[in-house]
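The next block holds one structure in the form of structure tokens; read it before the comments.
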Amino acid sequence: MADADLDVVIRQLARQLHTGLMSRAKQRRDRFNGLAAKAKGKETGTRFKMMAKATMEQATAAARRLQMSADNVADSYARAMRLAASTPIEVKAEKPAKDKQAKKAAKAKKAKKAK
């Protein structure tokens, strides 16, 4: 995984989060359906069933938004890396070493004359 591109890692993490989110939503839905079955009144049972349905709808919407955001981030990262790889690097021309040595020698001469 160390050699994997980060966009692939982002997508994998999003899939894991999606799976976890949906499993928790199903557990909560099952809990509400169980409470609806145990409910003594018809209105209470209907309310729990509506809560179970709303839970799944909201969780599905949240999972869809999560997946969409992760896809956008992964695509953006991949695009940025392709752009960075295709951009030519500007190499600065360094001053020749002779100029540096000449300056050092001139400073040394001035220092000797000043003494």
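For the structure tokens, the naming scheme is as follows: chains receive sequential letters (A, B, ...) according to their order of presentation, residues are indexed from 1 within each chain, and ligands are indexed from 1 in presentation order.
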For this session: Please report, as JSON, numbers by chain, each residue of chain A to which DSSP assigns alpha helix (DSSP H) when run on this structure's backbone.
Result: {"A": [6, 7, 8, 9, 10, 11, 12, 13, 14, 15, 16, 17, 18, 19, 20, 21, 22, 23, 24, 25, 26, 27, 28, 29, 30, 31, 32, 33, 34, 35, 36, 37, 38, 42, 43, 44, 45, 46, 47, 48, 49, 50, 51, 52, 53, 54, 55, 56, 57, 58, 59, 60, 61, 62, 63, 64, 65, 66, 67, 68, 69, 70, 71, 72, 73, 74, 75, 76, 77, 78, 79, 80, 81, 82, 83, 84, 85, 86, 97, 98, 99, 100, 101, 102, 103, 104, 105, 106, 107, 108, 109, 110, 111, 112, 113, 114]}
Applying 8 Å and only C-alpha atoms, which residues near Arg15 (chain A) remain after dropping the ones on its own chain fewer than 4 positions away? List them as a CSV table (one decimal) with C-alpha atoms, in the first residue's frame.
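What ended up in around36.csv:
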```csv
chain,number,residue,atom,x,y,z
A,11,ARG,CA,-11.3,5.6,-2.9
A,19,THR,CA,-19.8,0.0,4.2
A,67,GLN,CA,-18.8,8.7,-2.0
```
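When only C-alpha atoms are used to compute distances to Lys26 (chain A), the closest of the residues A:Lys53, A:Arg82, A:Lys110, A:Lys103 turns out to be A:Lys53.
From CA of His18 (chain A) back to CA of Arg64 (chain A), the distance works out to 8.3 Å.
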For this session: Tell me, in Å to one decimal, how far CA of Phe32 (chain A) is from CA of Ser69 (chain A).
Result: 29.4 Å
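CA of Ala61 (chain A) lies 28.2 Å from CA of Ala39 (chain A).
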Problem set entry | For Asn72 (chain A), the nearest of the candidates A:Met50, A:Ile10, A:Val91, A:Ala37, counting only C-alpha atoms | A:Ile10
